[in-house]
$ cat upload31.txt   # compact mmCIF, C-alpha atoms
# COMPACT_ATOMS: atom_id res chain seq x y z
CA MET A 1 -17.65 -8.04 24.88
CA ASN A 2 -16.01 -7.30 21.52
CA TRP A 3 -14.73 -3.96 22.79
CA TYR A 4 -13.29 -5.65 25.87
CA PHE A 5 -11.38 -8.23 23.83
CA GLU A 6 -10.26 -5.50 21.43
CA VAL A 7 -8.45 -3.80 24.31
CA LEU A 8 -6.87 -7.08 25.42
CA LYS A 9 -5.63 -7.70 21.86
CA LYS A 10 -3.82 -4.35 22.11
CA TYR A 11 -2.38 -5.39 25.48
CA ALA A 12 0.56 -2.95 25.56
CA VAL A 13 -0.19 -0.75 22.54
CA PHE A 14 0.26 2.86 23.61
CA ASN A 15 0.21 4.44 20.16
CA GLY A 16 -2.89 5.13 18.08
CA ARG A 17 -6.36 6.16 19.19
CA ALA A 18 -9.30 4.61 21.07
CA ARG A 19 -12.90 5.78 20.76
CA ARG A 20 -15.21 6.20 23.75
CA LYS A 21 -16.92 2.83 23.27
CA GLU A 22 -13.62 0.99 23.46
CA TYR A 23 -12.64 2.71 26.72
CA TRP A 24 -15.99 2.67 28.53
CA PHE A 25 -17.01 -0.89 27.64
CA PHE A 26 -13.63 -2.10 28.85
CA LEU A 27 -14.11 -0.18 32.09
CA LEU A 28 -17.68 -1.48 32.50
CA PHE A 29 -16.61 -5.10 32.05
CA ASN A 30 -13.79 -4.60 34.56
CA VAL A 31 -16.24 -3.30 37.16
CA ILE A 32 -18.57 -6.27 36.61
CA ALA A 33 -15.69 -8.75 36.70
CA SER A 34 -14.30 -7.19 39.89
CA MET A 35 -17.69 -7.46 41.61
CA ILE A 36 -18.04 -11.12 40.63
CA LEU A 37 -14.49 -11.96 41.71
CA GLY A 38 -14.94 -10.02 44.95
CA PHE A 39 -18.02 -12.12 45.72
CA ALA A 40 -16.06 -15.29 44.89
CA ASP A 41 -13.18 -14.18 47.17
CA GLY A 42 -15.67 -13.67 49.96
CA MET A 43 -17.17 -17.11 49.43
CA ILE A 44 -13.81 -18.91 49.56
CA GLY A 45 -12.36 -16.69 52.29
CA SER A 46 -9.42 -15.40 50.26
CA ILE A 47 -9.79 -11.72 51.17
CA ASN A 48 -6.83 -10.13 53.00
CA PRO A 49 -8.31 -8.40 56.07
CA GLU A 50 -5.60 -5.72 56.07
CA SER A 51 -5.77 -4.64 52.41
CA GLY A 52 -9.34 -5.70 51.74
CA MET A 53 -8.14 -7.20 48.46
CA GLY A 54 -9.12 -10.71 47.50
CA LEU A 55 -6.80 -13.19 45.82
CA LEU A 56 -8.84 -13.57 42.64
CA GLY A 57 -9.60 -9.87 42.42
CA GLY A 58 -5.93 -9.02 42.91
CA ILE A 59 -4.80 -11.36 40.15
CA TYR A 60 -7.39 -9.92 37.78
CA THR A 61 -6.40 -6.33 38.63
CA LEU A 62 -2.77 -7.06 37.82
CA ALA A 63 -3.76 -8.80 34.58
CA VAL A 64 -5.69 -5.79 33.22
CA LEU A 65 -3.39 -3.07 34.60
CA VAL A 66 -1.26 -2.67 31.46
CA PRO A 67 -4.12 -2.77 28.89
CA GLY A 68 -6.07 -0.39 31.15
CA ILE A 69 -3.27 2.16 31.06
CA ALA A 70 -2.78 1.62 27.32
CA VAL A 71 -6.43 2.20 26.40
CA THR A 72 -6.48 5.34 28.58
CA VAL A 73 -3.46 6.69 26.71
CA ARG A 74 -5.09 5.90 23.35
CA ARG A 75 -8.32 7.58 24.52
CA LEU A 76 -6.33 10.72 25.37
CA HIS A 77 -4.77 10.55 21.90
CA ASP A 78 -8.27 10.34 20.43
CA THR A 79 -9.14 13.68 22.03
CA GLY A 80 -5.96 15.24 20.64
CA ARG A 81 -3.97 15.12 23.89
CA SER A 82 -0.66 13.58 24.81
CA GLY A 83 -0.75 10.32 26.72
CA TRP A 84 1.28 11.99 29.48
CA TRP A 85 -1.96 13.64 30.62
CA ILE A 86 -2.69 10.32 32.33
CA LEU A 87 -0.32 11.44 35.09
CA ILE A 88 -2.78 14.11 36.14
CA GLY A 89 -4.73 11.26 37.71
CA LEU A 90 -2.07 11.19 40.45
CA ILE A 91 -3.51 14.43 41.82
CA PRO A 92 -6.10 13.46 44.46
CA LEU A 93 -9.72 14.09 43.44
CA LEU A 94 -9.00 16.92 40.99
CA GLY A 95 -6.95 14.66 38.72
CA ALA A 96 -9.71 12.05 38.57
CA ILE A 97 -12.28 14.71 37.67
CA VAL A 98 -10.11 16.10 34.86
CA LEU A 99 -9.46 12.62 33.46
CA LEU A 100 -13.19 11.85 33.59
CA ILE A 101 -13.90 14.97 31.53
CA PHE A 102 -11.28 13.93 28.99
CA MET A 103 -12.62 10.37 28.77
CA VAL A 104 -16.20 11.43 27.97
CA GLN A 105 -15.20 13.78 25.16
CA ASP A 106 -15.87 12.71 21.59
CA SER A 107 -13.17 11.81 19.07
CA LYS A 108 -11.41 14.65 17.29
CA PRO A 109 -12.72 14.65 13.70
CA GLY A 110 -10.49 13.27 10.97
CA GLU A 111 -6.85 12.41 11.45
CA ASN A 112 -4.64 13.90 14.16
CA GLN A 113 -0.97 13.38 15.03
CA TYR A 114 -1.80 10.04 16.66
CA GLY A 115 -3.61 8.48 13.71
CA GLU A 116 -6.90 8.29 11.88
CA ASN A 117 -10.24 8.72 13.63
CA PRO A 118 -11.06 5.22 15.00
CA LYS A 119 -14.68 5.70 13.96
CA SER A 120 -13.44 5.25 10.38
CA THR A 121 -13.53 1.46 10.54
CA PRO A 122 -11.13 -0.45 8.24
CA LEU A 123 -13.17 -2.13 5.53
CA LEU A 124 -10.74 -4.78 4.30
CA SER A 125 -7.24 -6.19 4.33
CA ALA A 126 -5.07 -7.87 1.76
CA ASP A 127 -6.40 -11.35 2.46
CA SER A 128 -10.05 -10.60 3.07
CA GLY A 129 -12.82 -8.91 1.16
CA SER A 130 -16.05 -7.30 2.22
CA ASP A 131 -18.06 -9.13 4.85
CA LYS A 132 -21.32 -8.08 3.23
CA ASP A 133 -21.62 -10.14 0.07
CA PRO A 134 -24.80 -9.96 -2.01
CA GLU A 135 -27.43 -12.51 -1.13
CA PRO A 136 -27.38 -15.40 -3.60
CA GLY A 137 -30.56 -16.04 -5.51
CA ILE A 138 -32.06 -17.51 -8.65
CA GLY A 139 -33.01 -15.34 -11.58
CA LYS A 140 -31.40 -12.18 -10.17
CA PRO A 141 -29.84 -9.87 -12.77
CA SER A 142 -26.06 -9.77 -12.93
CA GLU A 143 -24.59 -7.20 -10.56
CA LYS A 144 -21.17 -5.61 -10.47
CA LYS A 145 -18.94 -5.00 -7.48
CA PRO A 146 -16.11 -2.45 -7.30
CA VAL A 147 -12.68 -4.02 -6.79
CA LEU A 148 -9.06 -3.00 -6.63
CA GLN A 149 -6.75 -5.34 -8.51
CA CYS A 150 -3.11 -5.35 -7.40
CA LEU A 151 -1.01 -5.61 -10.56
CA SER A 152 2.47 -5.45 -9.04
CA GLY A 153 4.25 -4.99 -5.74
CA GLU A 154 3.69 -6.57 -2.32
CA TYR A 155 0.06 -7.44 -3.02
CA GLN A 156 0.50 -8.59 -6.63
CA GLY A 157 -2.34 -10.87 -7.70
CA ALA A 158 -4.68 -9.84 -4.88
CA THR A 159 -8.18 -8.54 -5.56
CA LEU A 160 -9.78 -6.36 -2.89
CA GLU A 161 -13.46 -5.47 -2.83
CA LEU A 162 -14.19 -1.81 -2.15
CA GLY A 163 -17.04 -0.24 -0.24
CA GLY A 164 -18.33 3.24 0.54
CA THR A 165 -15.60 3.87 3.12
CA PRO A 166 -12.24 5.15 1.80
CA LEU A 167 -9.49 2.54 1.56
CA VAL A 168 -6.34 4.16 2.97
CA MET A 169 -2.98 2.90 1.73
CA GLY A 170 0.35 3.45 3.47
CA THR A 171 2.79 2.07 6.02
CA ASN A 172 1.01 3.23 9.21
CA ARG A 173 -0.59 0.17 10.81
CA GLU A 174 -2.84 2.30 13.00
CA SER A 175 -4.48 4.40 10.30
CA CYS A 176 -4.14 2.42 7.05
CA HIS A 177 -6.15 -0.49 5.68
CA LEU A 178 -3.73 -1.65 2.99
CA ILE A 179 -0.34 -1.70 4.69
CA PHE A 180 3.03 -1.66 2.94
CA SER A 181 6.54 -2.33 4.23
CA THR A 182 8.57 -0.49 1.59
CA ARG A 183 10.08 2.88 2.49
CA GLU A 184 9.02 4.30 -0.87
CA ILE A 185 5.42 4.38 0.39
CA SER A 186 4.44 7.12 2.86
CA ARG A 187 2.76 6.54 6.21
CA ARG A 188 -0.58 7.67 4.73
CA HIS A 189 0.07 7.62 1.01
CA CYS A 190 -3.35 7.80 -0.63
CA SER A 191 -7.00 6.85 -0.29
CA LEU A 192 -9.42 5.22 -2.73
CA GLN A 193 -13.21 5.28 -2.56
CA PHE A 194 -15.98 3.99 -4.81
CA ASP A 195 -18.79 6.33 -5.82
CA GLU A 196 -21.89 4.18 -6.10
CA ALA A 197 -23.94 6.91 -7.77
CA GLY A 198 -21.49 7.63 -10.58
CA LYS A 199 -19.96 4.13 -10.73
CA THR A 200 -16.53 5.77 -10.58
CA PHE A 201 -13.58 5.73 -8.18
CA ARG A 202 -12.16 8.67 -6.25
CA LEU A 203 -8.38 8.54 -5.76
CA GLU A 204 -6.77 11.10 -3.45
CA ASP A 205 -3.11 11.62 -2.63
CA THR A 206 -2.96 12.29 1.12
CA GLY A 207 0.34 14.14 1.17
CA SER A 208 2.70 11.36 0.08
CA THR A 209 6.42 12.03 -0.33
CA ASN A 210 7.03 10.10 -3.55
CA GLY A 211 3.66 10.66 -5.16
CA THR A 212 0.63 8.88 -6.57
CA TYR A 213 0.55 8.64 -10.37
CA LEU A 214 -1.91 7.87 -13.17
CA SER A 215 -0.51 5.02 -15.24
CA SER A 216 -2.04 6.25 -18.49
CA ASN A 217 0.15 9.35 -18.77
CA GLY A 218 2.42 9.33 -15.71
CA THR A 219 0.72 12.40 -14.25
CA ARG A 220 1.39 12.91 -10.55
CA ILE A 221 -1.65 13.70 -8.42
CA ASN A 222 -1.10 16.83 -6.36
CA PRO A 223 -1.10 16.23 -2.57
CA GLY A 224 -4.60 16.72 -1.22
CA GLN A 225 -6.07 16.56 -4.71
CA ALA A 226 -8.60 13.92 -5.73
CA VAL A 227 -9.09 12.59 -9.25
CA ILE A 228 -11.90 10.51 -10.68
CA LEU A 229 -11.00 7.11 -12.10
CA ASN A 230 -13.22 5.13 -14.43
CA PRO A 231 -13.40 1.34 -14.38
CA ASP A 232 -10.22 -0.28 -15.76
CA ASP A 233 -8.08 2.81 -15.06
CA GLU A 234 -4.69 2.15 -13.50
CA PHE A 235 -2.48 4.03 -11.05
CA TYR A 236 0.71 3.44 -9.09
CA LEU A 237 2.37 4.53 -5.86
CA SER A 238 5.87 6.07 -6.05
CA ASP A 239 6.88 4.04 -9.13
CA PRO A 240 5.30 1.47 -11.49
CA SER A 241 6.56 -1.42 -9.36
CA THR A 242 3.52 -0.86 -7.10
CA SER A 243 0.57 -0.56 -9.48
CA PHE A 244 -3.18 -1.12 -9.29
CA GLN A 245 -6.27 -1.21 -11.46
CA VAL A 246 -9.81 -0.30 -10.47
CA THR A 247 -12.63 -2.19 -12.12
CA LEU A 248 -16.16 -3.52 -11.75
CA GLU A 249 -16.47 -7.30 -11.52
CA ASP A 250 -19.60 -9.25 -12.30
CA VAL A 251 -21.38 -10.84 -9.36
CA HIS A 252 -22.96 -14.01 -10.62
CA ALA A 253 -26.01 -15.44 -8.85
CA THR A 254 -25.65 -18.99 -7.58

$ encode --input "upload31.txt" --output "structure tokens"
Amino acid sequence: MNWYFEVLKKYAVFNGRARRKEYWFFLLFNVIASMILGFADGMIGSINPESGMGLLGGIYTLAVLVPGIAVTVRRLHDTGRSGWWILIGLIPLLGAIVLLIFMVQDSKPGENQYGENPKSTPLLSADSGSDKDPEPGIGKPSEKKPVLQCLSGEYQGATLELGGTPLVMGTNRESCHLIFSTREISRRHCSLQFDEAGKTFRLEDTGSTNGTYLSSNGTRINPGQAVILNPDDEFYLSDPSTSFQVTLEDVHAT
């Protein structure tokens, strides 16, 4: 059901990518809903004898037409194809077979021109932390959690908990987790990931225009290069007006 509602939330979103689960669960629910509504139309006698379409089924079909087209376009994007390939479905039989082949193909690894791989699930946003907090208990030793503290800029004062999945920063709403509105920040500016084994942070510039810098000496990180940050190290995007600090915070048992 979550995948079905996810498609409805993106009612007319034709940009970005959609993984196979999102497409096929939406299609499955539509088939089930159509069968139920078809039965209901038969029970109340609302089926048009000429078209064979029932009133309830017709209303539902119109309601999911736009999100159905949109998720198909995003699924094509996920395989690295233009959304215009959906028009091949207008070719009788052959078009449907080709579209079926496209729809069952796996996501293209990594990022493509339509956005980040949707299997890379966003781990947080500016107003929410991790949804997997440590279990409270009595007598447990103090633990530490990796966090990103926003020192200045749009998110000043916010503290974001990090996980094993890279936190992508930029202006692209489809592929980034921490989203900015300023033009000084690139669409995919940089990514930050916590290394549990080394208790360090891995900061990578993902090809930004204005650069990602280490606050300690103003060194710009080369595009595509990753540097290791220790707890309490600071960095900034484009200029010091958008700065951050990585650190480990104590998790106190309650």

$ atom_distance --input "upload31.txt" --atom1 "atom CA of Glu184 of chain A" --atom2 "atom CA of Ser82 of chain A"
29.0 Å

$ atom_distance --input "upload31.txt" --atom1 "atom CA of Ile88 of chain A" --atom2 "atom CA of Leu56 of chain A"
29.1 Å

$ atom_distance --input "upload31.txt" --atom1 "atom CA of Tyr11 of chain A" --atom2 "atom CA of Leu65 of chain A"
9.5 Å

$ residues_around --input "upload31.txt" --residues "segment 66-74 of chain A" --least-positions-apart "6" --cutoff "7 Å" --atoms "only C-alpha atoms" --output "list in words"
Val7, Leu8, Lys10, Tyr11, Ala12, Val13, Phe14, Asn15, Gly16, Arg17, Ala18, Tyr23, Gly83 and Ile86 of chain A

$ write_last_selection --input "upload31.txt" --atoms "C-alpha atoms" --output "compact mmCIF listing (two decimals), in the coordinates of the input"
# COMPACT_ATOMS: atom_id res chain seq x y z
CA VAL A 7 -8.45 -3.80 24.31
CA LEU A 8 -6.87 -7.08 25.42
CA LYS A 10 -3.82 -4.35 22.11
CA TYR A 11 -2.38 -5.39 25.48
CA ALA A 12 0.56 -2.95 25.56
CA VAL A 13 -0.19 -0.75 22.54
CA PHE A 14 0.26 2.86 23.61
CA ASN A 15 0.21 4.44 20.16
CA GLY A 16 -2.89 5.13 18.08
CA ARG A 17 -6.36 6.16 19.19
CA ALA A 18 -9.30 4.61 21.07
CA TYR A 23 -12.64 2.71 26.72
CA GLY A 83 -0.75 10.32 26.72
CA ILE A 86 -2.69 10.32 32.33

$ residues_around --input "upload31.txt" --residues "segment 238-254 of chain A" --least-positions-apart "5" --cutoff "6 Å" --atoms "all atoms listed in the file" --output "list in words"
Pro136, Gly137, Ser142, Glu143, Lys144, Lys145, Pro146, Val147, Leu148, Gln149, Cys150, Leu151, Ser152, Gly153, Asn210, Gly211, Thr212, Pro231, Asp232 and Asp233 of chain A

$ closest_atom_pairs --input "upload31.txt" --of "segment 152-227 of chain A" --to "segment 103-123 of chain A" --cutoff "8 Å" --atoms "all atoms listed in the file" --output "Markdown table"
| residue | atom | partner | partner_atom | distance |
| --- | --- | --- | --- | --- |
| A:Leu162 | CA | A:Leu123 | CA | 7.8 |
| A:Gly163 | CA | A:Leu123 | CA | 7.2 |
| A:Thr165 | CA | A:Leu123 | CA | 6.9 |
| A:Leu167 | CA | A:Leu123 | CA | 7.1 |
| A:Glu174 | CA | A:Gly115 | CA | 6.3 |
| A:Ser175 | CA | A:Glu116 | CA | 4.8 |
| A:Cys176 | CA | A:Pro122 | CA | 7.6 |
| A:His177 | CA | A:Pro122 | CA | 5.6 |

$ closest_residue --input "upload31.txt" --among "A:Leu229, A:Leu160, A:Val64, A:Ile44" --to "Gly198 of chain A" --atoms "all atoms listed in the file"
A:Leu229

$ residues_around --input "upload31.txt" --residues "Ala226 of chain A" --least-positions-apart "2" --cutoff "7 Å" --atoms "all atoms listed in the file" --output "mmCIF file with C-alpha atoms, in the frame of the given file"
data_model
loop_
_atom_site.group_PDB
_atom_site.id
_atom_site.type_symbol
_atom_site.label_atom_id
_atom_site.label_comp_id
_atom_site.auth_asym_id
_atom_site.auth_seq_id
_atom_site.Cartn_x
_atom_site.Cartn_y
_atom_site.Cartn_z
ATOM 1 C CA ARG A 202 -12.160 8.670 -6.250
ATOM 2 C CA LEU A 203 -8.380 8.540 -5.760
ATOM 3 C CA GLU A 204 -6.770 11.100 -3.450
ATOM 4 C CA ASP A 205 -3.110 11.620 -2.630
ATOM 5 C CA GLY A 224 -4.600 16.720 -1.220
ATOM 6 C CA ILE A 228 -11.900 10.510 -10.680
#

$ closest_residue --input "upload31.txt" --among "A:Leu192, A:Val227, A:Phe180, A:Ile59" --to "Pro166 of chain A" --atoms "all atoms listed in the file"
A:Leu192

$ closest_residue --input "upload31.txt" --among "A:Asn48, A:Lys21, A:Asn217, A:Met53" --to "Ser34 of chain A" --atoms "only C-alpha atoms"
A:Met53

$ residues_around --input "upload31.txt" --residues "segment 169-171 of chain A" --least-positions-apart "6" --cutoff "10 Å" --atoms "all atoms listed in the file" --output "VMD selection string"
chain A and resid 177 to 192 205 to 206 208 237

$ closest_residue --input "upload31.txt" --among "A:Asn2, A:Ser51, A:Thr79, A:Thr200" --to "Phe25 of chain A" --atoms "only C-alpha atoms"
A:Asn2

$ residues_near_point --input "upload31.txt" --point "(-7.9, -7.9, 47.2)" --cutoff "10 Å" --atoms "all atoms listed in the file" --output "list of chain:residue names"
A:Ser34, A:Leu37, A:Gly38, A:Asp41, A:Ser46, A:Ile47, A:Asn48, A:Pro49, A:Glu50, A:Ser51, A:Gly52, A:Met53, A:Gly54, A:Leu55, A:Leu56, A:Gly57, A:Gly58, A:Ile59, A:Tyr60, A:Thr61

$ closest_residue --input "upload31.txt" --among "A:Lys9, A:Gly218, A:Trp85, A:Tyr4" --to "Val31 of chain A" --atoms "only C-alpha atoms"
A:Tyr4

$ closest_residue --input "upload31.txt" --among "A:Glu6, A:Gly95, A:Gly157, A:Asn172" --to "Glu22 of chain A" --atoms "only C-alpha atoms"
A:Glu6
